[in-house]
Every structure is written in C-alpha cells, then in structure tokens.
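Novice: File work.txt below, compact mmCIF, C-alpha atoms:
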# COMPACT_ATOMS: atom_id res chain seq x y z
CA MET T 18 32.90 -10.12 12.75
CA ASN T 19 33.24 -9.20 16.43
CA ARG T 20 35.82 -11.81 17.43
CA PRO T 21 36.66 -12.06 21.18
CA ASP T 22 40.10 -10.68 22.08
CA LEU T 23 42.53 -13.25 23.52
CA LEU T 24 44.69 -10.61 25.24
CA ALA T 25 41.64 -9.01 26.84
CA ARG T 26 40.51 -12.41 28.09
CA LEU T 27 43.95 -13.09 29.56
CA GLU T 28 43.99 -9.71 31.32
CA SER T 29 40.54 -10.33 32.73
CA ALA T 30 41.64 -13.68 34.15
CA ARG T 31 44.78 -12.12 35.63
CA ALA T 32 42.77 -9.31 37.23
CA ALA T 33 40.32 -11.81 38.71
CA ARG T 34 43.17 -13.77 40.24
CA GLU T 35 44.62 -10.58 41.72
CA GLN T 36 41.21 -9.58 43.11
CA ALA T 37 40.95 -12.98 44.80
CA GLY T 38 44.35 -12.53 46.45
CA LEU T 39 45.85 -15.40 44.45
CA LEU T 40 48.37 -13.52 42.29
CA ARG T 41 51.89 -14.96 42.48
CA ARG T 42 55.06 -12.95 41.92
CA ALA T 43 58.72 -13.92 41.65
CA ARG T 44 61.10 -12.38 44.13
CA VAL T 45 64.86 -12.17 43.88
CA CYS T 46 66.35 -14.56 46.45
CA ASP T 47 70.14 -14.59 46.45
CA ALA T 48 71.62 -17.73 48.04
CA LEU T 49 73.77 -17.65 51.16
CA GLY T 50 74.04 -21.20 52.51
CA ALA T 51 70.73 -22.14 54.14
CA ARG T 52 69.64 -18.48 53.96
CA ARG T 53 68.27 -16.28 51.21
CA ILE T 54 68.92 -12.56 50.78
CA VAL T 55 65.58 -10.92 50.03
CA ARG T 56 65.40 -7.14 49.65
CA GLY T 57 68.68 -6.83 51.52
CA ARG T 58 67.64 -9.04 54.46
CA ALA T 59 69.00 -12.48 55.29
CA LEU T 60 66.13 -14.92 55.80
CA VAL T 61 66.40 -18.56 56.86
CA ASP T 62 64.96 -20.60 53.99
CA PHE T 63 62.23 -23.00 55.13
CA CYS T 64 60.44 -23.33 51.79
CA GLY T 65 62.98 -24.65 49.26
CA ASN T 66 63.50 -28.22 48.07
CA ASP T 67 67.26 -28.51 48.65
CA TYR T 68 66.56 -31.27 51.16
CA LEU T 69 70.15 -32.45 51.62
CA GLY T 70 71.78 -29.03 51.33
CA LEU T 71 73.79 -29.98 48.23
CA ALA T 72 73.02 -27.06 45.90
CA GLY T 73 76.12 -25.15 47.00
CA HIS T 74 78.36 -28.11 47.89
CA ARG T 75 81.99 -27.65 46.90
CA ASP T 76 82.10 -30.95 44.98
CA LEU T 77 79.20 -29.90 42.76
CA VAL T 78 80.66 -26.43 42.16
CA ALA T 79 84.06 -27.91 41.29
CA ALA T 80 82.59 -30.49 38.87
CA LEU T 81 80.45 -27.89 37.11
CA SER T 82 83.30 -25.36 36.85
CA ARG T 83 85.82 -27.93 35.63
CA THR T 84 83.53 -29.30 32.92
CA ALA T 85 82.35 -25.87 31.79
CA ALA T 86 85.97 -24.76 31.43
CA ALA T 87 86.70 -27.83 29.28
CA GLU T 88 83.50 -28.06 27.20
CA GLY T 89 81.82 -24.67 27.41
CA VAL T 90 78.32 -23.95 28.65
CA GLY T 91 75.70 -24.83 26.04
CA THR T 92 75.53 -28.17 24.22
CA GLY T 93 74.13 -26.52 21.09
CA ALA T 94 71.81 -29.34 20.03
CA ALA T 95 69.29 -31.93 21.13
CA HIS T 96 70.49 -35.29 22.46
CA LEU T 97 69.52 -37.06 19.23
CA VAL T 98 71.39 -34.56 17.05
CA SER T 99 74.83 -33.69 18.44
CA GLY T 100 74.14 -32.55 22.00
CA HIS T 101 74.68 -35.86 23.83
CA ARG T 102 78.01 -35.80 25.71
CA ASP T 103 80.04 -38.32 27.69
CA GLU T 104 78.83 -36.69 30.92
CA HIS T 105 75.20 -37.21 29.88
CA ALA T 106 75.80 -40.87 29.02
CA ALA T 107 77.65 -41.50 32.28
CA LEU T 108 74.93 -39.78 34.32
CA GLU T 109 72.20 -41.85 32.67
CA GLU T 110 74.09 -45.05 33.46
CA GLU T 111 74.59 -44.04 37.10
CA LEU T 112 70.94 -43.01 37.54
CA ALA T 113 69.82 -46.37 36.14
CA GLU T 114 72.15 -48.26 38.48
CA TRP T 115 71.00 -46.17 41.47
CA THR T 116 67.32 -46.85 40.84
CA GLY T 117 67.81 -50.51 39.90
CA ARG T 118 66.73 -50.14 36.27
CA GLU T 119 68.21 -51.02 32.91
CA ARG T 120 68.26 -47.53 31.44
CA ALA T 121 67.58 -43.88 32.23
CA LEU T 122 66.82 -40.94 29.93
CA LEU T 123 67.64 -37.31 30.75
CA PHE T 124 65.18 -34.43 30.37
CA SER T 125 65.72 -30.73 30.99
CA THR T 126 62.97 -30.43 33.65
CA GLY T 127 60.57 -32.62 35.56
CA VAL T 128 57.61 -31.06 33.77
CA MET T 129 59.16 -31.94 30.40
CA ALA T 130 59.87 -35.48 31.58
CA ASN T 131 56.25 -36.06 32.62
CA LEU T 132 54.76 -34.43 29.53
CA GLY T 133 57.04 -36.32 27.15
CA ALA T 134 56.93 -39.73 28.80
CA MET T 135 53.17 -39.70 29.19
CA GLN T 136 52.73 -38.56 25.59
CA ALA T 137 54.84 -41.49 24.44
CA LEU T 138 53.26 -44.07 26.72
CA LEU T 139 49.64 -43.03 26.25
CA GLY T 140 49.69 -41.88 22.65
CA ALA T 141 52.39 -43.59 20.59
CA GLY T 142 51.08 -46.09 18.04
CA ALA T 143 47.43 -45.34 18.78
CA MET T 144 44.97 -45.18 15.91
CA PRO T 145 43.09 -41.88 16.34
CA VAL T 146 39.30 -42.28 16.41
CA PRO T 147 37.25 -39.05 16.53
CA GLY T 148 35.57 -38.61 19.89
CA ARG T 149 37.22 -41.66 21.45
CA ALA T 150 40.23 -41.81 23.78
CA SER T 151 42.95 -44.29 22.88
CA ALA T 152 44.04 -44.90 26.47
CA LEU T 153 42.96 -44.43 30.06
CA CYS T 154 45.03 -42.55 32.66
CA VAL T 155 43.95 -42.88 36.29
CA GLN T 156 45.50 -40.38 38.67
CA ASP T 157 45.51 -39.40 42.34
CA ARG T 158 43.48 -36.25 42.89
CA LEU T 159 46.51 -34.47 44.40
CA ASN T 160 49.02 -35.32 41.67
CA HIS T 161 51.44 -32.72 40.37
CA ALA T 162 50.01 -30.53 37.60
CA SER T 163 52.45 -31.91 35.02
CA LEU T 164 51.01 -35.41 35.39
CA ILE T 165 47.51 -34.10 34.79
CA ASP T 166 48.68 -32.03 31.82
CA GLY T 167 50.61 -34.99 30.43
CA ALA T 168 47.53 -37.18 30.29
CA GLN T 169 45.38 -34.46 28.76
CA LEU T 170 47.95 -33.51 26.12
CA ALA T 171 48.34 -37.17 25.18
CA GLY T 172 44.63 -37.34 24.41
CA ALA T 173 43.96 -39.97 27.08
CA GLU T 174 40.78 -40.24 29.08
CA LEU T 175 41.71 -38.85 32.50
CA ARG T 176 39.98 -40.19 35.60
CA ARG T 177 40.84 -39.14 39.17
CA TYR T 178 40.58 -41.10 42.39
CA PRO T 179 40.40 -39.83 46.00
CA HIS T 180 43.80 -39.06 47.47
CA ALA T 181 45.86 -42.14 48.35
CA ASP T 182 42.86 -44.44 47.75
CA ALA T 183 44.03 -47.57 45.91
CA GLU T 184 40.51 -49.00 45.90
CA GLY T 185 39.35 -45.78 44.23
CA ALA T 186 42.01 -46.29 41.56
CA ALA T 187 40.73 -49.83 41.02
CA ARG T 188 37.16 -48.60 40.55
CA GLN T 189 38.29 -46.11 37.91
CA LEU T 190 40.22 -48.80 36.06
CA ASP T 191 37.25 -51.15 36.17
CA ALA T 192 34.98 -48.46 34.70
CA ARG T 193 36.91 -48.55 31.40
CA SER T 194 38.39 -52.04 31.25
CA GLU T 195 38.39 -52.03 27.44
CA LEU T 196 41.15 -49.37 27.25
CA PRO T 197 44.90 -49.80 27.79
CA ALA T 198 45.56 -48.08 31.10
CA MET T 199 48.10 -46.31 33.26
CA VAL T 200 47.90 -45.37 36.93
CA ALA T 201 50.07 -42.33 37.67
CA THR T 202 50.92 -41.01 41.11
CA ASP T 203 53.37 -38.83 42.96
CA GLY T 204 55.64 -40.91 45.18
CA VAL T 205 55.76 -38.13 47.77
CA PHE T 206 53.03 -35.53 47.34
CA SER T 207 54.59 -32.12 46.86
CA MET T 208 52.05 -30.08 48.82
CA ASP T 209 51.00 -32.60 51.50
CA GLY T 210 54.28 -34.43 52.10
CA ASP T 211 52.69 -37.86 52.53
CA VAL T 212 53.76 -40.98 50.62
CA ALA T 213 51.53 -42.74 48.08
CA PRO T 214 50.30 -46.27 48.93
CA LEU T 215 52.63 -47.74 46.33
CA PRO T 216 52.38 -51.46 47.26
CA ALA T 217 48.57 -51.29 47.12
CA LEU T 218 48.62 -49.41 43.81
CA ALA T 219 51.09 -51.93 42.37
CA ALA T 220 48.76 -54.76 43.37
CA VAL T 221 45.80 -53.01 41.73
CA CYS T 222 47.78 -52.54 38.52
CA ARG T 223 48.99 -56.15 38.44
CA ALA T 224 45.46 -57.46 38.87
CA ARG T 225 44.10 -55.27 36.06
CA GLY T 226 46.94 -55.23 33.56
CA ALA T 227 47.64 -51.51 34.03
CA LEU T 228 50.99 -49.71 33.98
CA LEU T 229 52.11 -47.97 37.19
CA TYR T 230 53.98 -44.67 36.69
CA VAL T 231 55.57 -42.96 39.72
CA ASP T 232 56.77 -39.36 39.84
CA ASP T 233 59.30 -39.51 42.68
CA ALA T 234 60.54 -35.92 42.51
CA HIS T 235 60.33 -35.45 46.28
CA GLY T 236 61.26 -38.98 47.36
CA LEU T 237 64.56 -39.49 45.56
CA GLY T 238 67.57 -38.72 47.70
CA VAL T 239 65.48 -38.76 50.88
CA LEU T 240 63.77 -42.16 51.17
CA GLY T 241 64.96 -45.73 50.62
CA ALA T 242 68.34 -47.45 50.63
CA GLN T 243 71.02 -45.09 49.28
CA GLY T 244 68.24 -42.51 48.93
CA ALA T 245 66.83 -44.38 45.92
CA GLY T 246 63.34 -43.07 46.69
CA SER T 247 59.82 -44.04 47.67
CA VAL T 248 59.65 -46.99 45.26
CA SER T 249 62.80 -48.45 46.80
CA ALA T 250 61.53 -47.74 50.32
CA ALA T 251 58.34 -49.66 49.48
CA GLY T 252 60.39 -52.66 48.37
CA LEU T 253 59.13 -52.45 44.79
CA GLY T 254 61.08 -53.06 41.58
CA THR T 255 60.73 -52.51 37.87
CA ALA T 256 58.12 -55.25 37.52
CA ASP T 257 55.91 -53.35 39.99
CA VAL T 258 56.69 -49.82 38.79
CA PRO T 259 57.76 -50.04 35.14
CA VAL T 260 58.24 -46.28 34.73
CA LEU T 261 59.94 -44.05 37.30
CA MET T 262 60.41 -40.30 36.97
CA GLY T 263 62.84 -38.40 39.16
CA THR T 264 64.06 -34.82 39.31
CA LEU T 265 67.61 -33.61 39.83
CA GLY T 266 66.80 -30.17 41.26
CA LYS T 267 65.59 -31.13 44.72
CA ALA T 268 67.57 -33.49 46.95
CA LEU T 269 70.37 -33.64 44.35
CA GLY T 270 70.72 -29.85 44.35
CA CYS T 271 71.07 -29.43 40.55
CA ALA T 272 68.46 -29.20 37.76
CA GLY T 273 66.83 -31.50 35.25
CA ALA T 274 65.04 -34.85 35.41
CA PHE T 275 65.07 -38.41 34.15
CA ILE T 276 62.81 -41.32 33.28
CA ALA T 277 64.04 -44.82 34.19
CA GLY T 278 62.83 -48.32 33.33
CA ASP T 279 63.55 -51.33 31.16
CA ALA T 280 65.70 -50.57 28.11
CA ALA T 281 62.88 -51.23 25.62
CA VAL T 282 60.50 -48.89 27.46
CA ILE T 283 63.07 -46.09 27.62
CA GLU T 284 63.94 -46.51 23.94
CA GLY T 285 60.27 -46.13 23.07
CA ILE T 286 60.02 -42.96 25.16
CA ALA T 287 63.19 -41.59 23.51
CA GLN T 288 61.60 -42.07 20.09
CA PHE T 289 58.20 -40.53 20.80
CA ALA T 290 58.60 -37.99 23.64
CA ARG T 291 58.52 -34.63 21.87
CA THR T 292 59.93 -32.83 24.92
CA TYR T 293 63.03 -35.01 24.59
CA VAL T 294 63.40 -35.10 20.81
CA TYR T 295 62.90 -31.40 20.16
CA THR T 296 64.85 -29.63 22.90
CA THR T 297 68.51 -28.77 23.50
CA ALA T 298 70.34 -31.11 25.88
CA MET T 299 71.20 -29.81 29.34
CA PRO T 300 74.75 -28.47 29.71
CA ALA T 301 77.37 -31.18 30.11
CA ALA T 302 78.70 -29.20 33.09
CA LEU T 303 75.34 -29.60 34.82
CA ALA T 304 75.42 -33.34 34.17
CA ALA T 305 78.91 -33.48 35.73
CA ALA T 306 77.67 -31.60 38.80
CA THR T 307 74.74 -34.00 39.09
CA ARG T 308 77.10 -36.98 38.98
CA ALA T 309 79.02 -35.43 41.89
CA ALA T 310 75.74 -34.95 43.77
CA LEU T 311 74.68 -38.53 43.09
CA ARG T 312 77.87 -39.87 44.64
CA LEU T 313 77.25 -37.78 47.76
CA VAL T 314 73.63 -38.91 47.98
CA ARG T 315 74.26 -42.62 47.45
CA PHE T 316 77.12 -43.03 49.89
CA ASP T 317 76.15 -40.20 52.30
CA ARG T 318 79.38 -40.25 54.28
CA GLU T 319 78.42 -36.95 55.93
CA GLY T 320 75.16 -38.41 57.28
CA ARG T 321 72.92 -35.90 55.54
CA ARG T 322 69.86 -38.15 55.49
CA GLU T 323 70.35 -38.86 59.19
CA LYS T 324 70.54 -35.12 59.92
CA LEU T 325 67.46 -34.49 57.82
CA ALA T 326 65.51 -37.20 59.64
CA ALA T 327 66.55 -35.70 63.00
CA ASN T 328 65.45 -32.24 61.84
CA ILE T 329 62.06 -33.54 60.71
CA ALA T 330 61.56 -35.29 64.05
CA ARG T 331 62.60 -32.19 66.02
CA PHE T 332 60.23 -29.97 64.08
CA ARG T 333 57.25 -32.31 64.39
CA THR T 334 57.87 -32.91 68.09
CA GLY T 335 58.10 -29.17 68.73
CA ALA T 336 54.99 -28.48 66.67
CA ALA T 337 53.01 -31.11 68.57
CA HIS T 338 54.12 -29.56 71.87
CA LEU T 339 52.83 -26.18 70.66
CA GLY T 340 49.58 -27.64 69.36
CA LEU T 341 50.30 -26.68 65.76
CA PRO T 342 47.99 -28.67 63.43
CA LEU T 343 50.58 -30.03 61.03
CA MET T 344 49.36 -32.39 58.34
CA PRO T 345 50.59 -36.00 58.68
CA SER T 346 53.97 -36.29 56.96
CA ALA T 347 57.25 -38.07 57.68
CA THR T 348 59.07 -36.34 54.82
CA PRO T 349 60.80 -32.93 54.64
CA ILE T 350 57.51 -31.36 53.47
CA GLN T 351 55.62 -30.21 56.56
CA PRO T 352 52.40 -28.35 55.67
CA LEU T 353 50.66 -26.15 58.23
CA PRO T 354 47.02 -25.56 57.15
CA MET T 355 45.83 -21.95 57.27
CA GLY T 356 42.44 -22.33 55.59
CA THR T 357 42.11 -19.13 53.61
CA ALA T 358 44.55 -17.53 51.19
CA THR T 359 44.37 -14.31 53.24
CA ALA T 360 45.43 -16.09 56.42
CA ALA T 361 48.27 -17.90 54.65
CA VAL T 362 49.64 -14.70 53.08
CA ALA T 363 49.46 -12.85 56.41
CA ALA T 364 51.27 -15.70 58.19
CA ALA T 365 54.02 -15.78 55.56
CA ALA T 366 54.50 -12.00 55.91
CA ALA T 367 54.73 -12.29 59.70
CA LEU T 368 57.35 -15.03 59.39
CA GLU T 369 59.35 -12.93 56.95
CA ASP T 370 59.32 -10.09 59.47
CA ALA T 371 60.69 -12.58 62.01
CA GLY T 372 63.51 -13.62 59.65
CA PHE T 373 62.10 -16.74 57.96
CA LEU T 374 61.24 -17.41 54.33
CA VAL T 375 58.11 -19.59 54.20
CA VAL T 376 55.87 -19.15 51.19
CA ALA T 377 52.07 -19.20 51.36
CA ILE T 378 50.61 -21.91 49.11
CA ARG T 379 47.17 -20.98 47.75
CA PRO T 380 44.66 -22.20 45.19
CA PRO T 381 44.88 -23.31 42.44
CA THR T 382 48.05 -25.08 43.61
CA VAL T 383 45.98 -26.57 46.44
CA PRO T 384 42.19 -27.03 46.67
CA GLN T 385 39.89 -24.22 47.77
CA GLY T 386 40.03 -23.92 51.56
CA GLY T 387 43.38 -25.71 51.62
CA ALA T 388 45.74 -22.71 51.73
CA ARG T 389 48.77 -23.46 53.85
CA LEU T 390 52.32 -22.72 54.83
CA ARG T 391 54.48 -25.32 53.11
CA ILE T 392 57.39 -25.64 55.53
CA THR T 393 60.32 -27.72 54.30
CA LEU T 394 63.25 -29.07 56.27
CA SER T 395 66.83 -29.50 55.09
CA ALA T 396 69.92 -31.25 56.41
CA GLN T 397 71.46 -27.76 56.55
CA HIS T 398 69.06 -26.50 59.19
CA THR T 399 70.51 -26.30 62.68
CA PRO T 400 68.50 -27.13 65.82
CA ASP T 401 68.52 -23.51 66.98
CA ARG T 402 67.01 -22.31 63.68
CA ILE T 403 64.30 -24.96 63.82
CA ASP T 404 63.47 -23.94 67.38
CA ALA T 405 63.40 -20.28 66.39
CA LEU T 406 60.98 -21.05 63.56
CA LEU T 407 58.74 -22.94 65.99
CA ASP T 408 58.74 -19.93 68.31
CA ALA T 409 57.72 -17.69 65.40
CA LEU T 410 54.97 -20.11 64.35
CA ALA T 411 53.64 -20.18 67.91
CA ARG T 412 53.12 -16.41 67.74
CA LEU T 413 50.99 -16.58 64.59
CA PRO T 414 47.22 -16.11 64.91
CA ARG T 415 45.50 -19.49 64.73
CA PRO T 416 43.11 -19.92 61.80
CA ALA T 417 39.49 -20.64 62.68
CA GLU T 418 38.99 -24.39 62.99
CA SER T 419 36.18 -24.22 60.43
CA ALA T 420 38.56 -22.75 57.85
CA VAL T 421 41.18 -25.48 58.11
CA VAL T 422 40.88 -28.53 55.88
Translate this file's structure into structure tokens.
Specialist:
Amino acid sequence: MNRPDLLARLESARAAREQAGLLRRARVCDALGARRIVRGRALVDFCGNDYLGLAGHRDLVAALSRTAAAEGVGTGAAHLVSGHRDEHAALEEELAEWTGRERALLFSTGVMANLGAMQALLGAGAMPVPGRASALCVQDRLNHASLIDGAQLAGAELRRYPHADAEGAARQLDARSELPAMVATDGVFSMDGDVAPLPALAAVCRARGALLYVDDAHGLGVLGAQGAGSVSAAGLGTADVPVLMGTLGKALGCAGAFIAGDAAVIEGIAQFARTYVYTTAMPAALAAATRAALRLVRFDREGRREKLAANIARFRTGAAHLGLPLMPSATPIQPLPMGTATAAVAAAAALEDAGFLVVAIRPPTVPQGGARLRITLSAQHTPDRIDALLDALARLPRPAESAVV
C-alpha cells in the first residue's frame, strides 16, 4: 500500500509557507527595561504585551524569589493531585474578588484556559449522536485562534459572524435555535485593538438564552475600574457575562490564565476541562509574583494606567498629524495596515535598523491582505521614544492604498 507520508506533507506545507514569505522564526530577545537586546543591539520594544511595564517590577521579582526559595520551583503535580498551594488558592480568591465573581480557576496558559473551558461548557454531559453537534458556538470572525480551536475540539457546531456585529451573532443563533448555545468573543481584539460590543452581545444572548463567554486577555489591567477589564468597563456583571477568561502574562507581567464565574460554573469546568485536570500546576512562586502584580494593578498608586492612556493619546495624535492610517483603537494595540506581507516585513526591518522592535503580523494570523505592523504602547514608554518611533514610521514607504484593508 502506498500510504501518504505525514512528514513529507508537513515539509511541503512548511516550504509553501516559506515560499509565500509567511514563515515565522523565534529570535532571542533579552530584556532590558522597555528595551530588548537583539543580536547585540538594544531596541525599544513596541510590540510586546507588557502594557503596564510590570514584568520586571521589583515587587514581582521579590515575591517570586522569596517563594521559590521557600517552596522550590516546580509544584510536581496537577492542582487536583498535590500541586495546589496556598499561593494558588490565594491568587484565585483575589482574581475572583477583582473581577466581581464568586470563584476563579487557574490555568497554565490562556490557550489552555480557552480549550479546557470551552470543552467543558460545550461538551460535558452531552449525548454523542453521530453526525450531529451537541451544541452551537457562535464567534466573532476575528476571535483569537484558541477560541476557534476550543469550539472545534469540543465537537460544537461553529458559526462565525462579521466582526463586532451583534446582529450577525443574533442571526447565527437564530439559525440553530434548537441547540444549546454560546457566543464567544475577545473583549479587546488582539490584532485590531478595538473593543467588542459587549452590551449588545449580552442583550442578544439574554434574548435567546445563550451563554456569553469573553476572553479579556488584552483588556484586563488596562480597562475598567481598578483595571478589571472590558466587561467591567462596559458595566456588565456575571449575569451578563457568566464566563470570563483572563491572562496573567500581559498587563500583569507574569504568565498563566484564569477562568472566573459563579462557583457552580467554575466547579463544573474544574471537573471536565482536560487542560486543567491533566497538567502540572504553575509554580507557586509565579502565583506569588502574580499576586504582587495584582495589587499594583488594582490600586495603581504609580499611575500606570494614566501614563499608558497618555502614551496612547500621544501616539495617535502624532500619527494623525503625519497622516499614518492607523486602525481605530483606544487600547494599547495600535495596528498600522501595510497590505502585503512583503511590505510589512520590509517595514519591520527598516524600524529595526532605526532602533525599534515592531513585528510584522502576516496571514494566517490576520486575513489575506491584512498584513500590518502591530504597534503596542506601554506605561514604560517615554514621550521622546514615542516621538522617535513616529519619526521612523514617517520615513517608511507608504503602502499602495489598494493594498491596505
């Protein structure tokens, strides 16, 4: 039998991606405050997600070091075996209080949180019927890949609606009204920087008996009272958004993620989310560092959110003055469309030559024709560095208007 070769197929796909100029490679970026050392050069980082500049904060470093010295590094087991520590329990309680929910559950990454929670919510207790989905998952067309994967892996019927179109979500729900349903959306869209129409989506879900699930990876720490995120900023509570996912590796400067909601919902997720049940718990030292970060974010005595807001305003005002076609966004994510992958890669290389680290974002991360520079602002950026970046952007060749979407 002449069976096709999986490794050959993989290599062919990789080669095709390279030929299309879409191959991605990791580079070593050593941290130095708001800069990164790349190939021996110090570059100002305008592409990371450390929005409040907390990743290297002395309080986080001290908490991590102190706890690691007392408890070691690895936990050695899953949460439900013997890996759950006092620091984990305390962090879950503080995350729940921060987001106004009864309970929170820690995961090792945001991807694992979305995959596990959606598996539990869409698949647990369902009677499998060959050729028939047991649930419906309606998602924004620009959602993070882990939300899409979560629905597919759960065996749900996945339907997409046009970006930020609550009426489109309603139409997709109405098309399969016989199925239990979830609407899932990013709170802040990771590649566009805009905020989902959460009040409108909540109203759609209430009217149709659907569950609203919000991935607020890029909103937590930045938006809302005490930085509690896009759901808080929209004035919505647990009744409107029963399941909230947040990550700890962006504005909080650490790593990991959590799901928050009513205690019964979180207990159900803890029982059925395979990415929670079958993985080693995050280090207790990392949980301690995250607790230190959470205190800084909630009370913000150093005015980091205020500095971040001022930096965003400065950058957008300067870009408008230069005629740069930024996409509409009031968050730290400020995309500059370049149209083609070739143009985006060339622009990123020119910025690196000028001393700035800004990564080109290309398909399949964004749609075809939607290649861009994803510029991100941080509270650590100083006005002179923002102005210098604007000067460098002004010197870039402008993409043809027909190529920009």
Novice: Write out as a VMD selection string each polymer residue whose atoms come within 9 Å of stretch 394-410 of chain T, counting all atoms listed in the file; drop sequence neighbours fewer than 3 positions from it.
Specialist: chain T and resid 50 to 51 61 to 71 320 to 329 331 to 332 335 to 336 339 341 348 to 351 364 367 to 368 371 to 373 413 to 414
Novice: Using only C-alpha atoms, find each residue of stretch 216-252 of chain T with at least one atom at most 10 Å away from an atom of stretch 104-115 of chain T; report its shortest atom-to-atom pair and that distance in Å (one decimal), sort the rows by chain and rising residue number, and return the result as a Markdown table.
Specialist:
| residue | atom | partner | partner_atom | distance |
| --- | --- | --- | --- | --- |
| T:Ala242 | CA | T:Trp115 | CA | 9.6 |
| T:Gln243 | CA | T:Trp115 | CA | 7.9 |
| T:Gly244 | CA | T:Trp115 | CA | 8.8 |
| T:Ala245 | CA | T:Trp115 | CA | 6.4 |
| T:Gly246 | CA | T:Trp115 | CA | 9.8 |
Novice: Grab the atom CA of T:Ala30 to atom CA of T:Gln169 distance for me, in Å with one decimal place.
Specialist: 21.8 Å
Novice: Take atom CA of T:Val314 and atom CA of T:Ile276 and report the distance between them in Å, one decimal.
Specialist: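 Taking atom CA of T:Val314 and atom CA of T:Ile276, their separation equals 18.4 Å.
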Novice: Quick one: distance from atom CA of T:Glu174 to atom CA of T:Val231 in Å, one decimal?
Specialist: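 Taking atom CA of T:Glu174 and atom CA of T:Val231, their separation equals 18.4 Å.
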Novice: Mind checking which residues fall within 8 Å of T:Val90, counting only C-alpha atoms, ignoring those fewer than 5 positions away in the same chain, and posting them as JSON, numbers by chain?
Specialist: {"T": [85, 300, 301, 302]}
Novice: Find the spatial neighbours of T:Asp211, counting only C-alpha atoms, within a cut-off of 8 Å - ignore same-chain residues fewer than 5 positions away - and output them as JSON, numbers by chain.
Specialist: {"T": [205, 206, 345, 346, 347, 348]}
Novice: Can you fill out stretch 313-328 of chain T with N, CA, C and O atoms and hand it back as a short mmCIF file (atom, residue, chain, number, x, y, z; two decimals), in the coordinates of the input?
Specialist:
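Below is the file result.cif, written as the result:
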data_model
loop_
_atom_site.label_atom_id
_atom_site.label_comp_id
_atom_site.auth_asym_id
_atom_site.auth_seq_id
_atom_site.Cartn_x
_atom_site.Cartn_y
_atom_site.Cartn_z
N LEU T 313 77.46 -38.22 46.38
CA LEU T 313 77.25 -37.78 47.76
C LEU T 313 75.96 -38.36 48.33
O LEU T 313 75.90 -38.75 49.50
N VAL T 314 74.93 -38.41 47.52
CA VAL T 314 73.63 -38.91 47.98
C VAL T 314 73.69 -40.41 48.24
O VAL T 314 73.23 -40.90 49.28
N ARG T 315 74.27 -41.16 47.32
CA ARG T 315 74.26 -42.62 47.45
C ARG T 315 75.07 -43.09 48.66
O ARG T 315 74.62 -43.96 49.40
N PHE T 316 76.23 -42.51 48.85
CA PHE T 316 77.12 -43.03 49.89
C PHE T 316 77.02 -42.23 51.19
O PHE T 316 77.33 -42.76 52.25
N ASP T 317 76.57 -41.00 51.14
CA ASP T 317 76.15 -40.20 52.30
C ASP T 317 77.11 -40.31 53.49
O ASP T 317 76.70 -40.58 54.62
N ARG T 318 78.38 -40.11 53.21
CA ARG T 318 79.38 -40.25 54.28
C ARG T 318 79.27 -39.14 55.33
O ARG T 318 79.80 -39.28 56.43
N GLU T 319 78.60 -38.06 54.98
CA GLU T 319 78.42 -36.95 55.93
C GLU T 319 77.12 -37.10 56.73
O GLU T 319 76.80 -36.23 57.53
N GLY T 320 76.38 -38.16 56.51
CA GLY T 320 75.16 -38.41 57.28
C GLY T 320 74.06 -37.40 57.04
O GLY T 320 73.30 -37.08 57.96
N ARG T 321 73.93 -36.94 55.82
CA ARG T 321 72.92 -35.90 55.54
C ARG T 321 71.49 -36.41 55.73
O ARG T 321 70.64 -35.68 56.24
N ARG T 322 71.21 -37.63 55.29
CA ARG T 322 69.86 -38.15 55.49
C ARG T 322 69.55 -38.32 56.97
O ARG T 322 68.41 -38.10 57.41
N GLU T 323 70.55 -38.72 57.74
CA GLU T 323 70.35 -38.86 59.19
C GLU T 323 70.06 -37.50 59.82
O GLU T 323 69.17 -37.36 60.67
N LYS T 324 70.80 -36.46 59.39
CA LYS T 324 70.54 -35.12 59.92
C LYS T 324 69.15 -34.63 59.52
O LYS T 324 68.44 -34.01 60.31
N LEU T 325 68.78 -34.91 58.28
CA LEU T 325 67.46 -34.49 57.82
C LEU T 325 66.37 -35.17 58.63
O LEU T 325 65.41 -34.52 59.06
N ALA T 326 66.50 -36.47 58.85
CA ALA T 326 65.51 -37.20 59.64
C ALA T 326 65.41 -36.63 61.06
O ALA T 326 64.31 -36.48 61.62
N ALA T 327 66.55 -36.29 61.65
CA ALA T 327 66.55 -35.70 63.00
C ALA T 327 65.87 -34.34 62.99
O ALA T 327 65.12 -33.99 63.93
N ASN T 328 66.08 -33.56 61.93
CA ASN T 328 65.45 -32.24 61.84
C ASN T 328 63.93 -32.36 61.69
O ASN T 328 63.17 -31.58 62.27
#
